[in-house]
$ cat start08.cif   # mmCIF, C-alpha atoms and all ligand atoms
data_final
#
loop_
_atom_site.label_atom_id
_atom_site.label_comp_id
_atom_site.auth_asym_id
_atom_site.auth_seq_id
_atom_site.Cartn_x
_atom_site.Cartn_y
_atom_site.Cartn_z
CA MET A 1 -15.06 -5.55 35.62
CA PRO A 2 -16.17 -2.66 37.80
CA TYR A 3 -17.47 -4.03 41.10
CA LYS A 4 -20.76 -2.96 42.64
CA ILE A 5 -18.90 -2.89 45.97
CA PRO A 6 -15.13 -2.40 45.69
CA LEU A 7 -12.66 -3.55 48.32
CA PHE A 8 -11.65 0.02 49.07
CA ASP A 9 -12.94 3.44 48.09
CA LEU A 10 -10.83 6.59 48.27
CA ASN A 11 -12.28 9.25 50.58
CA PHE A 12 -10.77 12.24 48.74
CA GLY A 13 -12.87 15.39 48.42
CA GLN A 14 -12.57 19.10 47.70
CA GLU A 15 -10.10 19.64 50.56
CA GLU A 16 -7.51 17.35 48.93
CA GLU A 17 -8.06 19.03 45.53
CA GLU A 18 -7.57 22.51 47.00
CA ALA A 19 -4.49 21.44 48.98
CA VAL A 20 -2.80 20.20 45.81
CA LEU A 21 -3.72 23.35 43.88
CA ASP A 22 -2.29 25.52 46.66
CA VAL A 23 1.04 23.71 46.48
CA ILE A 24 1.20 23.95 42.69
CA ARG A 25 0.41 27.67 42.88
CA SER A 26 3.06 28.17 45.60
CA ARG A 27 5.67 27.18 42.97
CA TRP A 28 7.48 24.86 45.43
CA ILE A 29 6.48 21.26 44.77
CA SER A 30 9.38 19.13 46.12
CA ALA A 31 9.92 18.41 49.82
CA GLY A 32 9.51 21.73 51.64
CA PRO A 33 7.08 23.48 53.98
CA LYS A 34 4.13 21.12 53.38
CA THR A 35 6.32 18.12 54.10
CA GLN A 36 7.46 19.77 57.34
CA GLU A 37 3.84 20.49 58.27
CA PHE A 38 2.87 16.89 57.54
CA GLU A 39 5.74 15.60 59.71
CA ASN A 40 4.93 17.97 62.57
CA ASN A 41 1.24 17.14 62.55
CA PHE A 42 1.97 13.42 62.33
CA LYS A 43 4.35 13.37 65.27
CA ASN A 44 2.03 15.52 67.38
CA LEU A 45 -1.00 13.36 66.66
CA LEU A 46 0.87 10.17 67.47
CA ASN A 47 2.85 11.54 70.39
CA SER A 48 6.22 10.74 68.88
CA LYS A 49 9.34 12.85 69.29
CA HIS A 50 10.28 12.73 65.60
CA ALA A 51 8.64 12.01 62.25
CA LEU A 52 10.31 11.84 58.85
CA ALA A 53 8.19 11.71 55.69
CA VAL A 54 9.59 9.48 52.95
CA SER A 55 8.54 8.22 49.53
CA ASN A 56 6.88 5.01 50.77
CA CYS A 57 6.91 2.56 53.66
CA THR A 58 9.23 0.09 51.97
CA VAL A 59 12.04 2.65 52.14
CA ALA A 60 11.05 3.57 55.71
CA LEU A 61 11.55 -0.10 56.67
CA HIS A 62 14.87 -0.22 54.81
CA LEU A 63 16.06 2.90 56.65
CA ALA A 64 14.76 1.57 59.99
CA LEU A 65 16.76 -1.65 59.72
CA LYS A 66 19.86 0.28 58.68
CA LEU A 67 19.44 2.69 61.61
CA VAL A 68 19.25 -0.08 64.21
CA GLY A 69 22.45 -1.53 62.74
CA VAL A 70 21.23 -4.59 60.81
CA ARG A 71 24.00 -5.89 58.55
CA GLU A 72 24.79 -8.77 56.22
CA GLY A 73 24.27 -12.12 57.97
CA ASP A 74 22.22 -10.74 60.88
CA GLU A 75 18.88 -12.40 61.56
CA VAL A 76 15.64 -10.43 61.71
CA ILE A 77 12.50 -12.13 63.01
CA CYS A 78 9.34 -11.19 61.11
CA PRO A 79 5.88 -12.50 60.30
CA SER A 80 5.17 -14.30 57.03
CA LEU A 81 1.58 -13.04 57.16
CA THR A 82 2.40 -9.59 55.86
CA PHE A 83 2.94 -7.70 52.64
CA VAL A 84 6.18 -8.86 51.02
CA ALA A 85 7.82 -5.41 51.49
CA THR A 86 8.17 -6.07 55.24
CA CYS A 87 10.52 -8.96 54.49
CA ASN A 88 12.14 -7.50 51.38
CA SER A 89 13.53 -4.70 53.53
CA ILE A 90 15.52 -7.35 55.44
CA LYS A 91 16.90 -8.84 52.22
CA TYR A 92 17.97 -5.41 50.94
CA LEU A 93 20.64 -5.51 53.67
CA ASN A 94 21.60 -9.13 52.95
CA ALA A 95 20.26 -10.00 56.38
CA ILE A 96 18.27 -13.18 57.02
CA PRO A 97 14.49 -13.12 57.48
CA VAL A 98 13.44 -15.62 60.15
CA PHE A 99 9.71 -16.22 59.90
CA ALA A 100 7.58 -16.60 63.03
CA ASP A 101 4.05 -17.99 62.97
CA ILE A 102 0.86 -16.15 63.93
CA LYS A 103 -0.95 -16.97 67.17
CA SER A 104 -4.25 -18.33 65.85
CA LEU A 105 -6.97 -17.85 63.24
CA GLU A 106 -8.77 -15.61 65.72
CA GLU A 107 -5.64 -13.52 66.39
CA PRO A 108 -3.49 -13.52 63.24
CA LEU A 109 -0.57 -11.62 64.78
CA ILE A 110 3.05 -12.66 65.29
CA ASN A 111 3.30 -15.09 68.21
CA GLU A 112 5.69 -13.90 70.91
CA LEU A 113 6.44 -17.49 72.01
CA GLU A 114 7.55 -18.27 68.44
CA ILE A 115 9.69 -15.14 68.49
CA GLU A 116 11.48 -16.27 71.63
CA ASN A 117 12.04 -19.77 70.21
CA LYS A 118 13.65 -18.29 67.11
CA ILE A 119 16.04 -15.88 68.83
CA THR A 120 19.70 -16.81 68.30
CA SER A 121 23.01 -15.05 68.89
CA LYS A 122 22.62 -13.59 65.37
CA THR A 123 19.21 -11.99 65.99
CA LYS A 124 19.52 -8.25 65.66
CA ALA A 125 15.92 -7.08 65.28
CA ILE A 126 12.26 -8.03 65.24
CA ILE A 127 9.77 -6.51 62.81
CA VAL A 128 6.20 -6.76 64.07
CA MET A 129 3.23 -5.99 61.81
CA HIS A 130 -0.02 -4.80 63.37
CA TYR A 131 -2.26 -6.74 61.00
CA ALA A 132 -5.50 -5.03 59.92
CA GLY A 133 -4.87 -2.32 62.54
CA PHE A 134 -4.82 -4.60 65.61
CA PRO A 135 -1.86 -4.60 67.99
CA CYS A 136 0.72 -7.31 68.50
CA ASN A 137 1.43 -8.09 72.15
CA MET A 138 3.88 -5.22 72.59
CA ASP A 139 4.42 -5.76 76.35
CA LYS A 140 5.77 -9.24 75.77
CA ILE A 141 7.67 -8.32 72.60
CA MET A 142 9.39 -5.33 74.25
CA ALA A 143 10.26 -7.51 77.27
CA LEU A 144 11.93 -10.01 74.91
CA ALA A 145 13.76 -7.19 73.18
CA ARG A 146 15.14 -5.96 76.51
CA LYS A 147 16.03 -9.46 77.67
CA TYR A 148 17.98 -10.33 74.51
CA ASN A 149 19.14 -6.82 73.54
CA ILE A 150 17.23 -6.78 70.24
CA LYS A 151 15.69 -3.78 68.44
CA VAL A 152 11.99 -3.65 67.56
CA ILE A 153 10.61 -2.10 64.39
CA GLU A 154 6.87 -1.69 64.08
CA ASP A 155 5.47 -2.05 60.59
CA ALA A 156 2.41 0.07 61.38
CA CYS A 157 1.25 0.42 57.76
CA HIS A 158 -2.19 -0.84 58.74
CA ALA A 159 -2.45 1.01 61.99
CA PRO A 160 -2.32 4.82 62.05
CA LEU A 161 -3.89 5.98 65.35
CA SER A 162 -4.54 2.39 66.52
CA GLU A 163 -3.74 1.96 70.19
CA TYR A 164 -2.21 -0.63 72.49
CA LYS A 165 -3.00 0.03 76.16
CA GLY A 166 -3.47 3.72 75.38
CA GLU A 167 -0.25 4.12 73.37
CA LYS A 168 -0.25 4.70 69.63
CA LEU A 169 1.11 1.87 67.53
CA GLY A 170 4.40 2.78 65.93
CA THR A 171 5.57 4.62 69.06
CA ILE A 172 6.27 1.60 71.29
CA GLY A 173 9.22 -0.04 69.51
CA ASP A 174 12.45 1.67 68.48
CA ILE A 175 11.07 2.82 65.12
CA GLY A 176 7.59 2.85 63.54
CA CYS A 177 6.91 2.81 59.79
CA PHE A 178 3.72 3.84 57.97
CA SER A 179 2.49 3.68 54.37
CA PHE A 180 0.33 6.17 52.50
CA PHE A 181 -0.24 3.99 49.44
CA SER A 182 -3.61 4.74 47.86
CA ASN A 183 -5.57 2.02 49.68
CA LYS A 184 -4.24 2.86 53.13
CA ASN A 185 -6.09 4.72 55.92
CA ILE A 186 -4.09 7.83 54.98
CA SER A 187 -3.66 8.01 51.20
CA THR A 188 -1.27 10.22 49.28
CA GLY A 189 -0.86 7.94 46.24
CA GLU A 190 2.61 6.89 47.37
CA GLY A 191 4.19 7.98 50.63
CA GLY A 192 5.48 6.86 54.00
CA MET A 193 6.53 8.03 57.45
CA LEU A 194 9.24 6.90 59.83
CA ILE A 195 8.72 7.82 63.48
CA THR A 196 11.05 7.45 66.45
CA ASN A 197 11.79 8.87 69.87
CA ASN A 198 15.50 8.35 69.27
CA SER A 199 17.11 11.63 68.12
CA GLU A 200 20.25 9.94 66.80
CA TYR A 201 18.19 7.65 64.57
CA PHE A 202 16.18 10.64 63.37
CA GLU A 203 19.22 12.75 62.43
CA LYS A 204 20.78 9.81 60.58
CA ALA A 205 17.48 9.02 58.80
CA LYS A 206 17.22 12.63 57.66
CA LEU A 207 20.66 12.39 56.07
CA LEU A 208 20.02 9.01 54.45
CA ARG A 209 16.69 10.18 53.02
CA SER A 210 18.45 12.69 50.82
CA HIS A 211 21.75 11.30 49.49
CA GLY A 212 23.61 11.81 52.79
CA MET A 213 23.62 15.55 52.06
CA THR A 214 23.87 17.95 54.98
CA THR A 215 21.24 20.38 53.59
CA MET A 216 18.11 20.03 51.45
CA SER A 217 17.26 22.06 48.31
CA PHE A 218 14.47 23.84 50.15
CA GLU A 219 16.88 25.18 52.78
CA ARG A 220 19.22 26.40 50.06
CA ALA A 221 16.36 28.02 48.12
CA LYS A 222 15.38 29.88 51.28
CA GLY A 223 18.94 31.12 51.65
CA HIS A 224 19.47 29.25 54.95
CA SER A 225 22.58 27.71 53.52
CA THR A 226 24.51 27.88 50.30
CA ALA A 227 26.59 24.71 50.37
CA TYR A 228 26.46 21.11 51.45
CA ASP A 229 28.70 18.19 52.24
CA VAL A 230 27.91 14.52 51.61
CA VAL A 231 28.70 12.61 54.78
CA ASP A 232 27.05 9.23 54.20
CA LEU A 233 25.96 7.01 51.32
CA GLY A 234 22.31 8.02 51.24
CA PHE A 235 19.36 7.52 48.92
CA ASN A 236 16.64 9.56 47.31
CA TYR A 237 13.82 8.49 49.64
CA ARG A 238 12.10 11.90 49.69
CA ILE A 239 8.39 12.61 49.42
CA ASP A 240 7.22 15.83 47.70
CA ASP A 241 5.02 18.71 48.87
CA ILE A 242 2.19 17.77 46.49
CA ARG A 243 1.76 14.43 48.24
CA SER A 244 2.45 15.90 51.68
CA SER A 245 -0.31 18.47 51.19
CA ILE A 246 -2.77 15.61 50.65
CA GLY A 247 -1.32 13.92 53.74
CA VAL A 248 -2.01 17.00 55.85
CA VAL A 249 -5.70 16.90 54.88
CA GLN A 250 -5.96 13.13 55.26
CA LEU A 251 -4.39 13.31 58.71
CA ARG A 252 -6.77 16.09 59.76
CA ASN A 253 -9.75 13.92 58.82
CA LEU A 254 -8.36 10.62 60.07
CA LYS A 255 -10.21 10.46 63.41
CA LYS A 256 -13.53 11.09 61.68
CA ASP A 257 -12.77 8.41 59.13
CA LEU A 258 -11.83 5.89 61.81
CA THR A 259 -15.04 6.58 63.75
CA GLN A 260 -16.96 5.74 60.59
CA ARG A 261 -14.90 2.59 59.99
CA LYS A 262 -15.64 1.47 63.55
CA LYS A 263 -19.36 1.71 62.74
CA VAL A 264 -18.84 -0.27 59.53
CA ARG A 265 -17.03 -2.96 61.52
CA SER A 266 -19.75 -3.24 64.14
CA ILE A 267 -22.46 -3.52 61.46
CA TYR A 268 -20.45 -6.28 59.77
CA ILE A 269 -20.09 -8.15 63.07
CA LYS A 270 -23.83 -7.86 63.78
CA LYS A 271 -24.72 -9.18 60.32
CA LEU A 272 -22.11 -11.94 60.17
CA THR A 273 -22.40 -13.51 63.61
CA SER A 274 -25.38 -15.60 62.52
CA ILE A 275 -23.15 -17.38 59.96
CA LYS A 276 -21.91 -20.38 61.91
CA ASN A 277 -18.90 -21.42 59.85
CA ILE A 278 -16.92 -18.19 59.88
CA ILE A 279 -14.44 -16.69 62.32
CA ILE A 280 -14.15 -12.91 62.65
CA PRO A 281 -10.59 -12.21 63.81
CA PHE A 282 -10.30 -9.75 66.72
CA GLU A 283 -14.09 -9.95 67.11
CA HIS A 284 -14.09 -8.72 70.70
CA HIS A 285 -11.24 -6.23 70.44
CA ASP A 286 -12.39 -2.96 71.99
CA GLU A 287 -9.41 -0.56 71.82
CA LEU A 288 -9.15 2.17 69.16
CA SER A 289 -8.30 0.56 65.83
CA SER A 290 -7.79 1.89 62.32
CA ASN A 291 -9.78 -1.06 60.91
CA TYR A 292 -7.64 -0.98 57.80
CA VAL A 293 -9.13 -4.16 56.35
CA PHE A 294 -11.93 -6.52 57.39
CA PRO A 295 -10.71 -10.14 57.26
CA ILE A 296 -12.86 -13.21 57.88
CA VAL A 297 -11.87 -16.87 58.07
CA ILE A 298 -14.03 -19.66 56.64
CA LYS A 299 -13.94 -22.80 58.78
CA ASN A 300 -13.21 -26.15 57.13
CA ILE A 301 -12.42 -24.83 53.67
CA ASN A 302 -9.36 -25.23 51.45
CA ALA A 303 -7.70 -22.63 49.20
CA GLU A 304 -9.42 -23.94 46.06
CA LYS A 305 -12.91 -23.69 47.58
CA ARG A 306 -12.08 -20.34 49.10
CA ASN A 307 -11.02 -19.07 45.67
CA ASN A 308 -14.28 -20.38 44.19
CA LEU A 309 -16.17 -18.52 46.87
CA ARG A 310 -14.28 -15.33 45.97
CA ASP A 311 -15.15 -15.83 42.29
CA LEU A 312 -18.82 -16.26 43.15
CA LEU A 313 -18.78 -13.12 45.30
CA ALA A 314 -17.13 -11.28 42.39
CA LYS A 315 -20.01 -12.40 40.14
CA LYS A 316 -22.35 -10.75 42.65
CA GLY A 317 -20.34 -7.54 42.26
CA ILE A 318 -18.41 -7.85 45.54
CA GLN A 319 -14.64 -7.37 45.35
CA THR A 320 -12.60 -9.35 47.89
CA SER A 321 -8.92 -9.96 48.47
CA VAL A 322 -6.49 -12.14 50.41
CA HIS A 323 -4.38 -10.41 53.01
CA TYR A 324 -1.91 -12.00 52.49
CA PRO A 325 -0.40 -14.84 50.48
CA ALA A 326 2.26 -16.05 52.94
CA VAL A 327 5.69 -14.60 52.21
CA HIS A 328 7.65 -17.73 53.23
CA LYS A 329 6.10 -19.58 50.28
CA PHE A 330 7.15 -17.09 47.61
CA SER A 331 9.85 -18.35 45.23
CA ILE A 332 12.48 -15.84 46.34
CA TYR A 333 11.95 -16.83 50.01
CA LYS A 334 12.35 -20.60 49.50
CA GLU A 335 15.73 -20.73 51.22
CA PHE A 336 14.20 -19.17 54.35
CA TYR A 337 11.21 -21.56 54.45
CA SER A 338 9.97 -22.63 57.84
CA GLU A 339 6.94 -24.61 59.07
CA LEU A 340 4.24 -22.09 60.00
CA PRO A 341 1.02 -24.10 60.45
CA PHE A 342 -1.28 -21.26 61.55
CA THR A 343 -0.05 -18.91 58.81
CA ASP A 344 -0.59 -21.69 56.23
CA GLN A 345 -4.11 -22.33 57.45
CA TYR A 346 -4.96 -18.64 57.65
CA GLU A 347 -3.78 -17.74 54.15
CA GLN A 348 -5.83 -20.59 52.67
CA GLN A 349 -9.03 -19.92 54.56
CA MET A 350 -9.21 -16.13 54.83
CA ILE A 351 -11.06 -13.59 52.71
CA THR A 352 -10.81 -9.82 53.00
CA LEU A 353 -14.21 -8.15 52.62
CA PRO A 354 -14.72 -4.53 51.48
CA MET A 355 -13.88 -1.94 54.15
CA TYR A 356 -14.00 1.85 53.88
CA SER A 357 -15.70 4.63 55.77
CA ARG A 358 -18.42 5.30 53.18
CA LEU A 359 -19.55 1.65 53.03
CA LYS A 360 -23.32 1.73 53.60
CA GLU A 361 -25.35 -0.50 55.92
CA SER A 362 -27.39 -1.68 52.92
CA GLU A 363 -24.16 -2.73 51.18
CA ILE A 364 -22.94 -4.62 54.23
CA SER A 365 -26.33 -6.37 54.44
CA TYR A 366 -25.99 -7.35 50.78
CA ILE A 367 -22.46 -8.75 51.33
CA ALA A 368 -23.61 -10.69 54.42
CA LYS A 369 -26.68 -12.08 52.61
CA GLU A 370 -24.67 -13.24 49.58
CA LEU A 371 -21.95 -14.74 51.74
CA LYS A 372 -24.47 -16.62 53.84
CA SER A 373 -26.29 -18.07 50.85
CA LEU A 374 -23.03 -19.08 49.11
CA LEU A 375 -21.69 -20.74 52.22
C1 LIG A 401 2.17 -4.34 56.02
C2 LIG A 401 2.80 -3.52 54.94
N1 LIG A 401 4.12 -3.32 54.98
C3 LIG A 401 4.74 -2.58 54.03
C4 LIG A 401 4.04 -2.02 52.99
C5 LIG A 401 4.78 -1.24 51.95
O1 LIG A 401 4.33 0.06 51.88
P1 LIG A 401 4.60 0.97 50.57
O2 LIG A 401 3.70 0.48 49.50
O3 LIG A 401 4.25 2.35 51.04
O4 LIG A 401 6.03 0.84 50.23
C6 LIG A 401 2.66 -2.19 52.93
C7 LIG A 401 1.88 -1.55 51.85
O5 LIG A 401 1.28 -2.09 51.01
C8 LIG A 401 2.02 -2.97 53.92
O6 LIG A 401 0.70 -3.21 53.89
#
$ encode --input "start08.cif" --output "structure tokens"
Amino acid sequence: MPYKIPLFDLNFGQEEEEAVLDVIRSRWISAGPKTQEFENNFKNLLNSKHALAVSNCTVALHLALKLVGVREGDEVICPSLTFVATCNSIKYLNAIPVFADIKSLEEPLINELEIENKITSKTKAIIVMHYAGFPCNMDKIMALARKYNIKVIEDACHAPLSEYKGEKLGTIGDIGCFSFFSNKNISTGEGGMLITNNSEYFEKAKLLRSHGMTTMSFERAKGHSTAYDVVDLGFNYRIDDIRSSIGVVQLRNLKKDLTQRKKVRSIYIKKLTSIKNIIIPFEHHDELSSNYVFPIVIKNINAEKRNNLRDLLAKKGIQTSVHYPAVHKFSIYKEFYSELPFTDQYEQQMITLPMYSRLKESEISYIAKELKSLL
């Protein structure tokens, strides 16, 4: 059923179309000059020393954990309130995901007190996830990392350009990972970026991205080198220039898009505050945020009633979602189960409402009106 108001709407226009055509006409479509341009622009915009474009964020997370030295049997602390890929990346290395609860329904971000309680001699890394584009408490998390000699990976899929005390998310921990899946703030269809200030990590990541080979096809085609060695067991985690060319345009227009999303958020807040039985997470947050999604929490509701409410909204033409079903309850995570009361409550009571830059005030009014009358 096509929704009157979808959850997300792609902001592609003529610029993206022309960028793709240019690459096709250039006759070089795999990773090459456009990918380099995308990486350079990304690192400059975020103030990071290095950026490496890859095929998606899942592989960026896999590489990140490998780079910081996570191995079989190591423990990695992570949220359960995240997309499953965050935690799958830990399992790829036969390491152990240790789930930490969120702070509250108002602030559904990994709780640093929980992190400290779950640190053991086996803890090698922490993955934080800046949910909906809002920052985890990076001061406290980095202090813990220093105290216990643990690496920090930021899953910043939701948070390109979001800030924490003036610093861009993804640049505070050891490595930051981003996704360009089609519903993300920056969309290339599939795509990802790994950023770091650590040159050793970057050089190793570059090798691992492309089979552990010492040169890439593009360099050989340009005559910069004619041979290669294979010095590590790498992967094919490359992006291509067609996608990167879209990324360059999306990145150029990101600030404008986020300004628009900020307006959408403030209209939502104005229209929803009169509804007594909802919580708007991060309601008073005032730093720059990507506003990737717009979650709300319904007070005193259970999952069944919440699902009914979603069905009724769907009948009114409003698409909603749940970000996210908790990972620790998925079948393949049963052996890593842990009691996470706030995560449990949040996943049962939350609804994600439509959020994109072209969402109109009249549409937000309609959503708010329908929600109010259904509640
Ligand atoms: C928080 C989070 N982590 C990881 C991923 C995985 O990203 P990708 O689909 O680019 O592999 C996503 C994307 O859906 C995400 O939202």
$ axis_aligned_box --input "start08.cif" --around "ligand LIG 401 (chain A)" --padding-each-side "6 Å" --output "JSON"
{"center_x": 3.4, "center_y": -1.0, "center_z": 52.8, "size_x": 17.3, "size_y": 18.7, "size_z": 18.5}
$ residues_near_ligand --input "start08.cif" --ligand "ligand LIG 401 (chain A)" --cutoff "9 Å" --atoms "all atoms listed in the file" --output "PyMOL selection string"
chain A and resi 55-61+81-87+129-132+155-158+177-184+189-193+323
$ closest_residue --input "start08.cif" --among "A:Glu347, A:Ile364, A:Asn308, A:Asp286" --to "A:Lys271" --atoms "all atoms listed in the file"
A:Ile364
$ atom_distance --input "start08.cif" --atom1 "atom CA of A:Lys91" --atom2 "atom CA of A:Pro341"
23.5 Å
$ residues_around --input "start08.cif" --residues "A:Pro281" --least-positions-apart "6" --cutoff "12 Å" --atoms "only C-alpha atoms" --output "NGL selection string"
:A and (103-109 or 131-134 or 265 or 269 or 273 or 291 or 293-298 or 346 or 350-352)
$ closest_residue --input "start08.cif" --among "A:Thr214, A:Ser338, A:Ser274, A:Ser162" --to "A:Thr259" --atoms "only C-alpha atoms"
A:Ser162
$ residues_around --input "start08.cif" --residues "A:Pro97" --least-positions-apart "3" --cutoff "10 Å" --atoms "all atoms listed in the file" --output "list in words"
Gly73, Asp74, Glu75, Val76, Ile77, Cys78, Pro79, Ser80, Thr86, Cys87, Asn88, Ser89, Ile90, Lys91, Asn94, Ala100, Thr123, Ala125, Ile126, Ile127, His328, Tyr333, Glu335, Phe336 and Tyr337 of chain A
$ write_last_selection --input "start08.cif" --atoms "C-alpha atoms" --output "mmCIF file, in the coordinates of the input"
data_model
loop_
_atom_site.group_PDB
_atom_site.id
_atom_site.type_symbol
_atom_site.label_atom_id
_atom_site.label_comp_id
_atom_site.auth_asym_id
_atom_site.auth_seq_id
_atom_site.Cartn_x
_atom_site.Cartn_y
_atom_site.Cartn_z
ATOM 1 C CA GLY A 73 24.270 -12.120 57.970
ATOM 2 C CA ASP A 74 22.220 -10.740 60.880
ATOM 3 C CA GLU A 75 18.880 -12.400 61.560
ATOM 4 C CA VAL A 76 15.640 -10.430 61.710
ATOM 5 C CA ILE A 77 12.500 -12.130 63.010
ATOM 6 C CA CYS A 78 9.340 -11.190 61.110
ATOM 7 C CA PRO A 79 5.880 -12.500 60.300
ATOM 8 C CA SER A 80 5.170 -14.300 57.030
ATOM 9 C CA THR A 86 8.170 -6.070 55.240
ATOM 10 C CA CYS A 87 10.520 -8.960 54.490
ATOM 11 C CA ASN A 88 12.140 -7.500 51.380
ATOM 12 C CA SER A 89 13.530 -4.700 53.530
ATOM 13 C CA ILE A 90 15.520 -7.350 55.440
ATOM 14 C CA LYS A 91 16.900 -8.840 52.220
ATOM 15 C CA ASN A 94 21.600 -9.130 52.950
ATOM 16 C CA ALA A 100 7.580 -16.600 63.030
ATOM 17 C CA THR A 123 19.210 -11.990 65.990
ATOM 18 C CA ALA A 125 15.920 -7.080 65.280
ATOM 19 C CA ILE A 126 12.260 -8.030 65.240
ATOM 20 C CA ILE A 127 9.770 -6.510 62.810
ATOM 21 C CA HIS A 328 7.650 -17.730 53.230
ATOM 22 C CA TYR A 333 11.950 -16.830 50.010
ATOM 23 C CA GLU A 335 15.730 -20.730 51.220
ATOM 24 C CA PHE A 336 14.200 -19.170 54.350
ATOM 25 C CA TYR A 337 11.210 -21.560 54.450
#
$ closest_atom_pairs --input "start08.cif" --of "stretch 184-222 of chain A" --to "stretch 239-252 of chain A" --cutoff "7 Å" --atoms "all atoms listed in the file" --output "CSV"
residue,atom,partner,partner_atom,distance
A:Ile186,CA,A:Gln250,CA,5.6
A:Ser187,CA,A:Gly247,CA,6.8
A:Thr188,CA,A:Arg243,CA,5.3
A:Gly191,CA,A:Ile239,CA,6.4
$ atom_distance --input "start08.cif" --atom1 "atom CA of A:Asn198" --atom2 "atom CA of A:Ala64"
11.5 Å
